[in-house]
Amino acid sequence: MTENLPPCPECSSAYTYEMGALLVCPECGHEWPPATAESADSAEDGVIRDAVGNVLADGDTVTVVKTLKVKGHPTGIKAGTKVRNIRLVEGVAGHDIDCKIDGFGAMQLKSSVVKKA
């Protein structure tokens with residue numbers, strides 16, 4: 001298999017496969033045409049989207065969609081925590097949101113773990 005298929009646009013799974021004229025994700029069941037995936041990648045250069053696909057901007061309020069472990073903190077960040085006034089940055093290892101969370105302080109989050117509120 002020499003073909004390199006794009007990851008799933010819904011859940012970012014790398015295990016996509018072709019079924020007829022569609023690409024399929026075995027993890028979430030999403031199906032999409034290959035031309036859509038290629039044009040979406042080229043059209044979205046520099047756009048940061050949340051876990052649902054909404055475009056994020058500086059100053060937005062977001063909600064954490066899954067519980068996150070935080071090094072050095074016993075409880076972590078619980079799902080449903082609201083984060084106000086985010087700032088989009090070129091972060092390290094995919095962390096593209098800079099924010100302050102009540103009870104934790106300043107930190108960076110990945111856009112794939114938040115949803116626009």
# chains A, B, ... in the order shown; residues from 1 in each chain; ligands from 1
$ residues_around --residues "region 18-31 of chain A" --least-positions-apart "6" --cutoff "10 Å" --atoms "only C-alpha atoms" --output "PDB file with all heavy atoms, in the first residue's frame"
ATOM      1  N   LEU A   5      -3.275   8.214   2.775  1.00  0.00           N
ATOM      2  CA  LEU A   5      -4.617   8.781   2.890  1.00  0.00           C
ATOM      3  C   LEU A   5      -4.659   9.842   3.987  1.00  0.00           C
ATOM      4  O   LEU A   5      -3.956   9.729   4.993  1.00  0.00           O
ATOM      5  CB  LEU A   5      -5.618   7.674   3.204  1.00  0.00           C
ATOM      6  CG  LEU A   5      -5.758   6.598   2.123  1.00  0.00           C
ATOM      7  CD1 LEU A   5      -6.660   5.476   2.609  1.00  0.00           C
ATOM      8  CD2 LEU A   5      -6.298   7.188   0.849  1.00  0.00           C
ATOM      9  N   PRO A   6      -5.501  10.870   3.829  1.00  0.00           N
ATOM     10  CA  PRO A   6      -5.595  11.928   4.846  1.00  0.00           C
ATOM     11  C   PRO A   6      -6.304  11.414   6.098  1.00  0.00           C
ATOM     12  O   PRO A   6      -7.076  10.461   6.027  1.00  0.00           O
ATOM     13  CB  PRO A   6      -6.424  13.006   4.149  1.00  0.00           C
ATOM     14  CG  PRO A   6      -7.251  12.253   3.163  1.00  0.00           C
ATOM     15  CD  PRO A   6      -6.387  11.120   2.697  1.00  0.00           C
ATOM     16  N   PRO A   7      -6.068  12.055   7.254  1.00  0.00           N
ATOM     17  CA  PRO A   7      -6.773  11.655   8.477  1.00  0.00           C
ATOM     18  C   PRO A   7      -8.245  12.050   8.403  1.00  0.00           C
ATOM     19  O   PRO A   7      -8.644  12.891   7.593  1.00  0.00           O
ATOM     20  CB  PRO A   7      -6.050  12.422   9.570  1.00  0.00           C
ATOM     21  CG  PRO A   7      -5.448  13.583   8.882  1.00  0.00           C
ATOM     22  CD  PRO A   7      -5.122  13.122   7.491  1.00  0.00           C
ATOM     23  N   CYS A   8      -9.035  11.456   9.263  1.00  0.00           N
ATOM     24  CA  CYS A   8     -10.470  11.746   9.308  1.00  0.00           C
ATOM     25  C   CYS A   8     -10.705  13.209   9.707  1.00  0.00           C
ATOM     26  O   CYS A   8     -10.130  13.678  10.691  1.00  0.00           O
ATOM     27  CB  CYS A   8     -11.138  10.813  10.324  1.00  0.00           C
ATOM     28  SG  CYS A   8     -12.889  11.168  10.579  1.00  0.00           S
ATOM     29  N   PRO A   9     -11.547  13.938   8.973  1.00  0.00           N
ATOM     30  CA  PRO A   9     -11.812  15.338   9.328  1.00  0.00           C
ATOM     31  C   PRO A   9     -12.673  15.480  10.586  1.00  0.00           C
ATOM     32  O   PRO A   9     -12.706  16.533  11.199  1.00  0.00           O
ATOM     33  CB  PRO A   9     -12.545  15.897   8.103  1.00  0.00           C
ATOM     34  CG  PRO A   9     -13.082  14.719   7.392  1.00  0.00           C
ATOM     35  CD  PRO A   9     -12.182  13.566   7.709  1.00  0.00           C
ATOM     36  N   GLU A  10     -13.355  14.432  11.007  1.00  0.00           N
ATOM     37  CA  GLU A  10     -14.197  14.489  12.194  1.00  0.00           C
ATOM     38  C   GLU A  10     -13.410  14.225  13.479  1.00  0.00           C
ATOM     39  O   GLU A  10     -13.490  14.970  14.434  1.00  0.00           O
ATOM     40  CB  GLU A  10     -15.338  13.461  12.094  1.00  0.00           C
ATOM     41  CG  GLU A  10     -16.335  13.771  11.011  1.00  0.00           C
ATOM     42  CD  GLU A  10     -17.187  14.981  11.322  1.00  0.00           C
ATOM     43  OE1 GLU A  10     -17.662  15.103  12.461  1.00  0.00           O
ATOM     44  OE2 GLU A  10     -17.377  15.809  10.426  1.00  0.00           O
ATOM     45  N   CYS A  11     -12.649  13.113  13.508  1.00  0.00           N
ATOM     46  CA  CYS A  11     -11.976  12.715  14.754  1.00  0.00           C
ATOM     47  C   CYS A  11     -10.452  12.678  14.627  1.00  0.00           C
ATOM     48  O   CYS A  11      -9.765  12.310  15.570  1.00  0.00           O
ATOM     49  CB  CYS A  11     -12.479  11.353  15.207  1.00  0.00           C
ATOM     50  SG  CYS A  11     -11.966   9.979  14.160  1.00  0.00           S
ATOM     51  N   SER A  12      -9.906  13.019  13.467  1.00  0.00           N
ATOM     52  CA  SER A  12      -8.463  13.056  13.203  1.00  0.00           C
ATOM     53  C   SER A  12      -7.779  11.695  13.295  1.00  0.00           C
ATOM     54  O   SER A  12      -6.594  11.601  13.531  1.00  0.00           O
ATOM     55  CB  SER A  12      -7.759  14.040  14.143  1.00  0.00           C
ATOM     56  OG  SER A  12      -8.288  15.323  13.962  1.00  0.00           O
ATOM     57  N   ALA A  37     -11.705  16.334   1.023  1.00  0.00           N
ATOM     58  CA  ALA A  37     -10.633  16.374   2.011  1.00  0.00           C
ATOM     59  C   ALA A  37      -9.442  17.165   1.498  1.00  0.00           C
ATOM     60  O   ALA A  37      -8.849  17.956   2.225  1.00  0.00           O
ATOM     61  CB  ALA A  37     -10.200  14.964   2.382  1.00  0.00           C
TER      62      ALA A  37
END
$ select_by_dssp --residues "chain A" --states "helix (DSSP H, G or I)" --output "list in words"
Pro34, Ala35, Thr36, Ala37, Glu38, Ser39, Ala40, Asp41, Ser42, Ala43, Ser111, Ser112 and Val113 of chain A
$ write_last_selection --atoms "C-alpha atoms" --output "PDB file, in the first residue's frame"
ATOM      1  CA  PRO A  34     -11.498  12.297  -1.246  1.00  0.00           C
ATOM      2  CA  ALA A  35     -11.754  15.526  -3.292  1.00  0.00           C
ATOM      3  CA  THR A  36     -13.459  17.276  -0.360  1.00  0.00           C
ATOM      4  CA  ALA A  37     -10.633  16.374   2.011  1.00  0.00           C
ATOM      5  CA  GLU A  38      -7.935  17.705  -0.322  1.00  0.00           C
ATOM      6  CA  SER A  39      -9.709  20.990  -1.030  1.00  0.00           C
ATOM      7  CA  ALA A  40     -10.509  21.499   2.663  1.00  0.00           C
ATOM      8  CA  ASP A  41      -6.845  21.125   3.637  1.00  0.00           C
ATOM      9  CA  SER A  42      -5.670  23.676   1.076  1.00  0.00           C
ATOM     10  CA  ALA A  43      -8.480  26.150   1.835  1.00  0.00           C
ATOM     11  CA  SER A 111      -8.051  23.312  19.819  1.00  0.00           C
ATOM     12  CA  SER A 112      -9.156  19.670  19.459  1.00  0.00           C
ATOM     13  CA  VAL A 113     -10.222  19.529  23.145  1.00  0.00           C
TER      14      VAL A 113
END
$ residues_around --residues "Ala93 (chain A)" --least-positions-apart "2" --cutoff "12 Å" --atoms "only C-alpha atoms" --output "list of chain:residue names"
A:Val89, A:Glu90, A:Gly91, A:His95, A:Asp96, A:Ile97, A:Gln108, A:Leu109, A:Lys110, A:Ser111
$ write_last_selection --atoms "N, CA and C atoms" --output "mmCIF file, in the first residue's frame"
data_model
loop_
_atom_site.group_PDB
_atom_site.id
_atom_site.type_symbol
_atom_site.label_atom_id
_atom_site.label_comp_id
_atom_site.auth_asym_id
_atom_site.auth_seq_id
_atom_site.Cartn_x
_atom_site.Cartn_y
_atom_site.Cartn_z
ATOM 1 N N VAL A 89 -2.309 31.132 19.228
ATOM 2 C CA VAL A 89 -0.862 31.255 19.109
ATOM 3 C C VAL A 89 -0.309 30.086 18.306
ATOM 4 N N GLU A 90 0.957 30.209 17.885
ATOM 5 C CA GLU A 90 1.692 29.105 17.275
ATOM 6 C C GLU A 90 2.386 28.376 18.413
ATOM 7 N N GLY A 91 1.714 27.412 19.021
ATOM 8 C CA GLY A 91 2.242 26.746 20.196
ATOM 9 C C GLY A 91 3.115 25.554 19.871
ATOM 10 N N HIS A 95 -0.421 22.701 20.628
ATOM 11 C CA HIS A 95 -1.125 23.572 21.566
ATOM 12 C C HIS A 95 -1.230 24.949 20.931
ATOM 13 N N ASP A 96 -2.436 25.290 20.457
ATOM 14 C CA ASP A 96 -2.592 26.537 19.709
ATOM 15 C C ASP A 96 -3.509 27.552 20.378
ATOM 16 N N ILE A 97 -3.888 27.314 21.633
ATOM 17 C CA ILE A 97 -4.710 28.264 22.375
ATOM 18 C C ILE A 97 -3.975 28.637 23.655
ATOM 19 N N GLN A 108 -1.560 26.490 27.946
ATOM 20 C CA GLN A 108 -1.910 26.334 26.538
ATOM 21 C C GLN A 108 -2.739 25.078 26.368
ATOM 22 N N LEU A 109 -3.731 25.153 25.470
ATOM 23 C CA LEU A 109 -4.610 24.024 25.175
ATOM 24 C C LEU A 109 -4.577 23.724 23.686
ATOM 25 N N LYS A 110 -4.963 22.517 23.326
ATOM 26 C CA LYS A 110 -5.131 22.152 21.925
ATOM 27 C C LYS A 110 -6.553 22.500 21.519
ATOM 28 N N SER A 111 -6.724 22.956 20.292
ATOM 29 C CA SER A 111 -8.051 23.312 19.819
ATOM 30 C C SER A 111 -8.941 22.080 19.678
#
$ atom_distance --atom1 "CA of Ser13 (chain A)" --atom2 "CA of Lys115 (chain A)"
18.5 Å
$ atom_distance --atom1 "CA of Val55 (chain A)" --atom2 "CA of Ala117 (chain A)"
11.7 Å
$ closest_residue --among "A:Thr81, A:Arg49, A:Asn54, A:Tyr17" --to "Thr67 (chain A)" --atoms "only C-alpha atoms"
A:Thr81
$ atom_distance --atom1 "CA of Gly105 (chain A)" --atom2 "CA of Val52 (chain A)"
25.4 Å
$ closest_residue --among "A:Gly59, A:Lys71, A:Thr16, A:Ala106" --to "Arg84 (chain A)" --atoms "only C-alpha atoms"
A:Gly59
$ closest_residue --among "A:Ala14, A:Ile48, A:Val70, A:Leu56" --to "Ile86 (chain A)" --atoms "only C-alpha atoms"
A:Leu56
$ select_by_dssp --residues "region 11-102 of chain A" --states "strand (DSSP E)" --output "JSON, numbers by chain"
{"A": [17, 18, 19, 22, 23, 24, 31, 32, 62, 63, 64, 82, 83, 87, 88, 95, 96, 97, 98, 99, 100, 101]}
